[in-house]
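Text of the file target_25.tsv, holding TSV, C-alpha atoms:
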```tsv
chain	number	residue	atom	x	y	z
A	1	MET	CA	90.16	65.49	112.52
A	2	PHE	CA	89.97	69.07	113.76
A	3	ILE	CA	89.97	71.84	111.14
A	4	GLN	CA	90.74	75.35	112.33
A	5	THR	CA	89.57	78.45	110.51
A	6	GLU	CA	91.14	81.89	110.40
A	7	SER	CA	89.79	85.11	109.01
A	8	THR	CA	91.85	86.93	106.39
A	9	PRO	CA	92.12	90.63	105.51
A	10	ASN	CA	89.68	89.83	102.68
A	11	PRO	CA	86.18	89.51	104.21
A	12	ALA	CA	85.08	87.28	101.30
A	13	THR	CA	87.84	84.74	102.05
A	14	LEU	CA	88.35	82.32	104.91
A	15	LYS	CA	91.45	80.21	105.64
A	16	PHE	CA	90.94	76.56	106.62
A	17	LEU	CA	93.77	74.72	108.42
A	18	PRO	CA	93.23	70.94	108.33
A	19	GLY	CA	96.27	70.22	110.53
A	20	GLN	CA	97.82	68.17	107.72
A	21	THR	CA	99.88	68.95	104.65
A	22	VAL	CA	97.74	70.20	101.78
A	23	LEU	CA	100.48	70.58	99.14
A	24	ASP	CA	104.05	69.32	99.53
A	25	ALA	CA	105.37	72.14	97.35
A	26	GLY	CA	104.05	75.17	95.51
A	27	THR	CA	100.46	76.37	95.40
A	28	ALA	CA	97.34	75.62	93.41
A	29	ASP	CA	94.76	78.23	92.46
A	30	PHE	CA	91.23	77.41	91.31
A	31	PRO	CA	89.49	80.72	90.58
A	32	SER	CA	86.31	78.97	89.37
A	33	ALA	CA	84.60	75.59	89.48
A	34	GLU	CA	85.54	75.05	85.83
A	35	THR	CA	89.25	75.11	86.73
A	36	ALA	CA	88.92	72.57	89.58
A	37	GLY	CA	88.82	69.39	87.46
A	38	SER	CA	92.36	68.35	88.40
A	39	SER	CA	91.61	68.47	92.13
A	40	PRO	CA	89.16	66.17	93.90
A	41	LEU	CA	89.29	68.43	96.99
A	42	ALA	CA	88.62	71.65	95.07
A	43	THR	CA	85.77	69.92	93.22
A	44	ARG	CA	84.19	68.91	96.56
A	45	ILE	CA	84.50	72.44	97.94
A	46	PHE	CA	83.01	73.98	94.79
A	47	ALA	CA	80.01	71.65	95.23
A	48	VAL	CA	79.03	73.89	98.16
A	49	SER	CA	76.68	76.56	96.85
A	50	GLY	CA	78.20	80.04	97.14
A	51	VAL	CA	81.89	79.06	96.81
A	52	ALA	CA	83.60	81.36	94.28
A	53	GLY	CA	87.27	80.33	94.55
A	54	VAL	CA	89.63	77.79	96.14
A	55	PHE	CA	93.37	78.12	96.76
A	56	PHE	CA	95.81	75.59	98.26
A	57	GLY	CA	99.02	76.38	100.11
A	58	ASN	CA	101.38	74.12	102.05
A	59	ASP	CA	99.17	73.68	105.09
A	60	PHE	CA	95.99	75.59	104.30
A	61	VAL	CA	92.97	75.81	102.03
A	62	THR	CA	91.63	79.28	101.30
A	63	VAL	CA	88.01	79.56	100.18
A	64	THR	CA	86.43	82.66	98.67
A	65	LYS	CA	82.66	83.04	98.82
A	66	SER	CA	80.33	84.93	96.52
A	67	ASP	CA	78.78	88.14	97.84
A	68	SER	CA	75.29	86.58	97.86
A	69	VAL	CA	76.00	84.18	100.77
A	70	GLU	CA	77.08	84.54	104.39
A	71	TRP	CA	79.91	82.57	106.00
A	72	ASP	CA	77.54	81.30	108.71
A	73	HIS	CA	75.52	79.51	106.02
A	74	ILE	CA	78.32	77.82	104.05
A	75	LYS	CA	81.20	77.35	106.52
A	76	PRO	CA	79.81	74.08	108.02
A	77	ALA	CA	79.38	72.57	104.53
A	78	ILE	CA	82.94	73.55	103.56
A	79	LEU	CA	84.32	72.02	106.78
A	80	GLY	CA	82.36	68.86	105.96
A	81	ALA	CA	83.69	68.75	102.39
A	82	ILE	CA	87.32	69.08	103.60
A	83	MET	CA	86.87	66.42	106.29
A	84	GLU	CA	85.11	64.08	103.86
A	85	HIS	CA	87.93	64.50	101.37
A	86	TYR	CA	90.68	63.63	103.85
A	87	GLN	CA	88.74	60.56	104.95
A	88	SER	CA	88.30	59.43	101.33
A	89	GLY	CA	92.02	58.90	100.77
A	90	GLN	CA	91.89	60.66	97.37
A	91	PRO	CA	94.75	62.96	96.38
A	92	ILE	CA	94.42	66.72	96.89
A	93	VAL	CA	95.48	67.29	93.27
A	94	ASN	CA	95.58	64.47	90.71
A	95	ALA	CA	99.00	63.54	89.30
A	96	GLY	CA	99.93	66.05	86.63
A	97	GLY	CA	97.34	68.49	87.99
A	98	GLU	CA	97.69	72.21	88.38
A	99	GLN	CA	100.39	72.97	90.95
A	100	SER	CA	103.17	75.49	90.57
A	101	SER	CA	105.91	77.44	92.26
A	102	GLY	CA	104.02	80.38	90.87
A	103	HIS	CA	106.64	82.59	89.26
A	104	ALA	CA	106.55	83.17	85.51
A	105	GLU	CA	109.73	82.32	83.63
A	106	HIS	CA	111.94	85.19	82.48
A	107	SER	CA	115.18	85.02	80.55
A	108	GLY	CA	117.35	87.36	78.54
A	109	GLU	CA	117.57	91.05	79.31
A	110	ASN	CA	117.05	91.96	82.98
A	111	SER	CA	117.33	88.33	84.12
A	112	GLU	CA	119.59	89.32	87.04
A	113	ILE	CA	117.04	91.92	88.21
A	114	VAL	CA	114.21	89.40	87.83
A	115	ASP	CA	116.15	86.85	89.91
A	116	GLN	CA	116.54	89.47	92.65
A	117	ILE	CA	112.81	90.28	92.49
A	118	LYS	CA	111.88	86.59	92.77
A	119	ASP	CA	114.30	86.09	95.69
A	120	LEU	CA	112.80	89.03	97.60
A	121	LEU	CA	109.27	87.83	96.89
A	122	ASP	CA	110.13	84.31	98.09
A	123	SER	CA	111.99	85.39	101.23
A	124	ARG	CA	110.05	88.45	102.39
A	125	VAL	CA	106.64	88.69	100.72
A	126	ARG	CA	105.21	85.23	100.08
A	127	PRO	CA	105.61	83.93	103.66
A	128	ALA	CA	103.71	86.97	104.96
A	129	VAL	CA	100.83	86.73	102.48
A	130	ALA	CA	100.62	82.95	103.07
A	131	GLN	CA	99.79	83.81	106.69
A	132	ASP	CA	96.76	85.65	105.28
A	133	GLY	CA	95.78	82.70	103.05
A	134	GLY	CA	97.09	83.95	99.73
A	135	ASP	CA	100.05	84.16	97.44
A	136	ILE	CA	101.71	86.78	95.25
A	137	THR	CA	103.82	85.62	92.32
A	138	PHE	CA	106.04	87.26	89.74
A	139	HIS	CA	104.39	87.70	86.35
A	140	GLY	CA	106.70	90.07	84.47
A	141	PHE	CA	109.15	92.96	84.49
A	142	ASP	CA	109.14	95.69	81.85
A	143	ARG	CA	110.82	99.11	81.90
A	144	GLY	CA	110.99	99.32	85.69
A	145	VAL	CA	107.46	98.00	86.29
A	146	VAL	CA	107.04	94.70	88.16
A	147	TYR	CA	103.81	92.82	87.38
A	148	LEU	CA	102.55	90.52	90.13
A	149	HIS	CA	99.73	87.98	90.18
A	150	MET	CA	97.63	87.86	93.35
A	151	GLN	CA	95.97	84.57	94.36
A	152	GLY	CA	93.82	83.17	97.14
A	153	ALA	CA	92.86	85.69	99.80
A	154	CYS	CA	94.95	88.37	98.05
A	155	ALA	CA	92.81	88.33	94.89
A	156	GLY	CA	90.05	90.87	95.35
A	157	CYS	CA	91.15	91.86	98.84
A	158	PRO	CA	90.28	95.46	99.73
A	159	SER	CA	93.75	96.02	101.23
A	160	SER	CA	95.66	94.41	98.33
A	161	THR	CA	96.33	97.74	96.57
A	162	LEU	CA	97.80	99.14	99.78
A	163	THR	CA	99.88	95.97	100.24
A	164	LEU	CA	101.19	96.24	96.69
A	165	LYS	CA	101.95	99.96	96.70
A	166	MET	CA	103.08	100.65	100.26
A	167	GLY	CA	104.59	97.28	101.12
A	168	ILE	CA	105.89	95.35	98.15
A	169	GLU	CA	106.68	98.34	95.90
A	170	ASN	CA	108.64	100.08	98.67
A	171	LEU	CA	110.51	96.87	99.52
A	172	LEU	CA	111.50	96.16	95.91
A	173	ARG	CA	112.46	99.80	95.20
A	174	HIS	CA	114.63	99.84	98.33
A	175	TYR	CA	116.65	96.75	97.36
A	176	ILE	CA	116.49	97.03	93.56
A	177	PRO	CA	116.90	100.60	92.22
A	178	GLU	CA	115.77	99.54	88.73
A	179	VAL	CA	112.24	98.91	90.03
A	180	THR	CA	110.04	101.99	89.73
A	181	GLU	CA	106.52	100.58	90.18
A	182	VAL	CA	104.54	97.45	91.05
A	183	ARG	CA	101.23	96.61	89.36
A	184	PRO	CA	98.77	93.74	89.76
A	185	VAL	CA	97.94	91.60	86.75
A	186	ALA	CA	94.92	89.36	86.13
A	187	VAL	CA	95.76	86.00	84.63
```
Just give me the structure as structure tokens.
Amino acid sequence: MFIQTESTPNPATLKFLPGQTVLDAGTADFPSAETAGSSPLATRIFAVSGVAGVFFGNDFVTVTKSDSVEWDHIKPAILGAIMEHYQSGQPIVNAGGEQSSGHAEHSGENSEIVDQIKDLLDSRVRPAVAQDGGDITFHGFDRGVVYLHMQGACAGCPSSTLTLKMGIENLLRHYIPEVTEVRPVAV
């Protein structure tokens, strides 16, 4: 098994590509070791000292490190944990574990606008941020303001504010006149 790594715009996050499917559908975000109980792979990765977050996409694993460690010191252990996991035959996420399409549900007033927002996010935004090892999902819409949840490499990324304001906000305002602003939300 050969696992490739790619840097991301977030210097604290590295993208690992195992060359196999990680999740068949959706994403899974584990912002702390305490949230990783439903995933044998995330639990293994969190066992490496200095790991601060784990995120799964279709074909990648994104790992965020704490500021106190250097990639040179923990990258080999993370590669080992991923390889060990795939050789174990255990599932990535246990049945019924945390895995989602990401978008929050929204019904009632503005549901047509919200559907347009979700469609644009799915077709234009999410594929691009997945290339950087992250995900951005719809969280809410209120009085012209779109609230988005940033995961994986996007969470805590120095360029995420610029991505939100200059990229996503401009895109949504161009196609959906009712959108006036985009804001990040912590979940």
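Checking A:Asp67, A:Asp142, A:Asp115, A:Glu109 one by one against Gly156 in chain A, counting only C-alpha atoms, you find the shortest gap at A:Asp67.
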Applying 8 Å and only C-alpha atoms, which residues near range 52-63 of chain A remain after dropping the ones on its own chain fewer than 5 positions away? List them as a short mmCIF file (atom, residue, chain, number, x, y, z; two decimals) with C-alpha atoms, keeping the file's coordinate frame.
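Final file, part02.cif:
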```cif
data_model
loop_
_atom_site.label_atom_id
_atom_site.label_comp_id
_atom_site.auth_asym_id
_atom_site.auth_seq_id
_atom_site.Cartn_x
_atom_site.Cartn_y
_atom_site.Cartn_z
CA THR A 13 87.84 84.74 102.05
CA LEU A 14 88.35 82.32 104.91
CA LYS A 15 91.45 80.21 105.64
CA PHE A 16 90.94 76.56 106.62
CA LEU A 17 93.77 74.72 108.42
CA PRO A 18 93.23 70.94 108.33
CA GLY A 19 96.27 70.22 110.53
CA GLN A 20 97.82 68.17 107.72
CA THR A 21 99.88 68.95 104.65
CA VAL A 22 97.74 70.20 101.78
CA LEU A 23 100.48 70.58 99.14
CA ASP A 24 104.05 69.32 99.53
CA ALA A 25 105.37 72.14 97.35
CA GLY A 26 104.05 75.17 95.51
CA THR A 27 100.46 76.37 95.40
CA ALA A 28 97.34 75.62 93.41
CA ASP A 29 94.76 78.23 92.46
CA PHE A 30 91.23 77.41 91.31
CA PRO A 31 89.49 80.72 90.58
CA SER A 32 86.31 78.97 89.37
CA ALA A 33 84.60 75.59 89.48
CA ALA A 42 88.62 71.65 95.07
CA ILE A 45 84.50 72.44 97.94
CA PHE A 46 83.01 73.98 94.79
CA ALA A 130 100.62 82.95 103.07
CA GLY A 133 95.78 82.70 103.05
CA GLY A 134 97.09 83.95 99.73
CA GLN A 151 95.97 84.57 94.36
CA GLY A 152 93.82 83.17 97.14
CA ALA A 153 92.86 85.69 99.80
#
```
When distances are computed from all atoms listed in the file, which of A:Lys65, A:His174, A:Arg124, A:His149 shows the smallest separation from Ala12 in chain A?
->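 Ranked by minimum distance to Ala12 in chain A, first place goes to A:Lys65.
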Write out as a PDB file with C-alpha atoms, in the coordinates of the input the residues lying within 12 Å of Glu84 in chain A, counting only C-alpha atoms and excluding same-chain residues fewer than 4 positions away.
```pdb
ATOM      1  CA  MET A   1      90.160  65.490 112.520  1.00  0.00           C
ATOM      2  CA  ILE A   3      89.970  71.840 111.140  1.00  0.00           C
ATOM      3  CA  PRO A  18      93.230  70.940 108.330  1.00  0.00           C
ATOM      4  CA  PRO A  40      89.160  66.170  93.900  1.00  0.00           C
ATOM      5  CA  LEU A  41      89.290  68.430  96.990  1.00  0.00           C
ATOM      6  CA  ARG A  44      84.190  68.910  96.560  1.00  0.00           C
ATOM      7  CA  ILE A  45      84.500  72.440  97.940  1.00  0.00           C
ATOM      8  CA  ALA A  77      79.380  72.570 104.530  1.00  0.00           C
ATOM      9  CA  ILE A  78      82.940  73.550 103.560  1.00  0.00           C
ATOM     10  CA  LEU A  79      84.320  72.020 106.780  1.00  0.00           C
ATOM     11  CA  GLY A  80      82.360  68.860 105.960  1.00  0.00           C
ATOM     12  CA  SER A  88      88.300  59.430 101.330  1.00  0.00           C
ATOM     13  CA  GLY A  89      92.020  58.900 100.770  1.00  0.00           C
ATOM     14  CA  GLN A  90      91.890  60.660  97.370  1.00  0.00           C
ATOM     15  CA  ILE A  92      94.420  66.720  96.890  1.00  0.00           C
TER      16      ILE A  92
END
```
To one decimal place, how far is CA of Ala36 in chain A from CA of Glu105 in chain A in Å?
->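 Spanning CA of Ala36 in chain A to CA of Glu105 in chain A is a straight-line distance of 23.7 Å.
For the choices A:Arg173, A:Thr64, A:Ala95, A:Ala186, the atom-to-atom distance to Ser7 in chain A is smallest for A:Thr64 when using all atoms listed in the file.
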Using CA of Ser68 in chain A and CA of Thr5 in chain A as the two end points, give the distance in Å to one decimal.
->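 Separating CA of Ser68 in chain A from CA of Thr5 in chain A is a distance of 20.7 Å.
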Can you tell me how far CA of Asn110 in chain A sits from CA of Val129 in chain A, in Å to one decimal?
-> 25.9 Å
Is there a way to get, as a ChimeraX atom specification, all residues within 12 Å of the point (107.5, 92.5, 94.2) in file coordinates, counting only C-alpha atoms?
-> /A:103,113-126,135-141,144-150,163-176,179-184
In terms of all atoms listed in the file, the residue from A:Glu112, A:Val51, A:Val93, A:Ile74 at minimal distance from Gly37 in chain A is A:Val93
As JSON: centre and edge lengths in Å, one decimal, of the axis-aligned box holding range 79-87 of chain A with 8 Å per side:
```
{"center_x": 86.5, "center_y": 66.3, "center_z": 104.1, "size_x": 24.3, "size_y": 27.5, "size_z": 21.4}
```
Residue nearest Tyr86 in chain A - candidates A:Ala155, A:Pro177, A:Phe2, A:Pro9, atoms counted: all atoms listed in the file =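 Answer, going by the shortest atom-to-atom distance: A:Phe2.
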From the block you just saw, export range 148-161 of chain A: N, CA, C and O atoms, as a short mmCIF file (atom, residue, chain, number, x, y, z; two decimals), in the first residue's frame.
```cif
data_model
loop_
_atom_site.label_atom_id
_atom_site.label_comp_id
_atom_site.auth_asym_id
_atom_site.auth_seq_id
_atom_site.Cartn_x
_atom_site.Cartn_y
_atom_site.Cartn_z
N LEU A 148 -22.26 28.93 7.24
CA LEU A 148 -21.61 27.74 6.74
C LEU A 148 -20.68 27.15 7.80
O LEU A 148 -20.06 27.88 8.56
N HIS A 149 -20.61 25.82 7.81
CA HIS A 149 -19.74 25.11 8.74
C HIS A 149 -18.51 24.61 7.98
O HIS A 149 -18.65 23.93 6.97
N MET A 150 -17.33 24.95 8.48
CA MET A 150 -16.08 24.57 7.82
C MET A 150 -15.47 23.39 8.56
O MET A 150 -15.38 23.39 9.78
N GLN A 151 -15.04 22.36 7.79
CA GLN A 151 -14.51 21.14 8.38
C GLN A 151 -13.19 20.76 7.74
O GLN A 151 -12.86 21.22 6.65
N GLY A 152 -12.46 19.86 8.40
CA GLY A 152 -11.20 19.37 7.86
C GLY A 152 -10.19 20.48 7.74
O GLY A 152 -10.02 21.27 8.66
N ALA A 153 -9.52 20.55 6.60
CA ALA A 153 -8.48 21.55 6.39
C ALA A 153 -9.04 22.98 6.42
O ALA A 153 -8.31 23.92 6.71
N CYS A 154 -10.33 23.14 6.15
CA CYS A 154 -10.93 24.47 6.13
C CYS A 154 -11.08 25.07 7.52
O CYS A 154 -11.03 26.28 7.69
N ALA A 155 -11.29 24.22 8.52
CA ALA A 155 -11.45 24.71 9.89
C ALA A 155 -10.11 25.24 10.38
O ALA A 155 -9.12 24.53 10.40
N GLY A 156 -10.08 26.50 10.74
CA GLY A 156 -8.85 27.09 11.27
C GLY A 156 -7.83 27.47 10.22
O GLY A 156 -6.71 27.84 10.55
N CYS A 157 -8.17 27.38 8.95
CA CYS A 157 -7.25 27.73 7.89
C CYS A 157 -7.09 29.24 7.80
O CYS A 157 -8.09 29.97 7.82
N PRO A 158 -5.86 29.73 7.70
CA PRO A 158 -5.65 31.18 7.60
C PRO A 158 -6.37 31.82 6.42
O PRO A 158 -6.79 32.96 6.49
N SER A 159 -6.52 31.09 5.31
CA SER A 159 -7.16 31.69 4.14
C SER A 159 -8.67 31.43 4.09
O SER A 159 -9.33 31.80 3.12
N SER A 160 -9.25 30.81 5.14
CA SER A 160 -10.67 30.47 5.09
C SER A 160 -11.57 31.71 5.06
O SER A 160 -12.60 31.71 4.39
N THR A 161 -11.20 32.77 5.75
CA THR A 161 -12.01 33.99 5.74
C THR A 161 -12.04 34.57 4.33
O THR A 161 -13.09 34.98 3.84
#
```
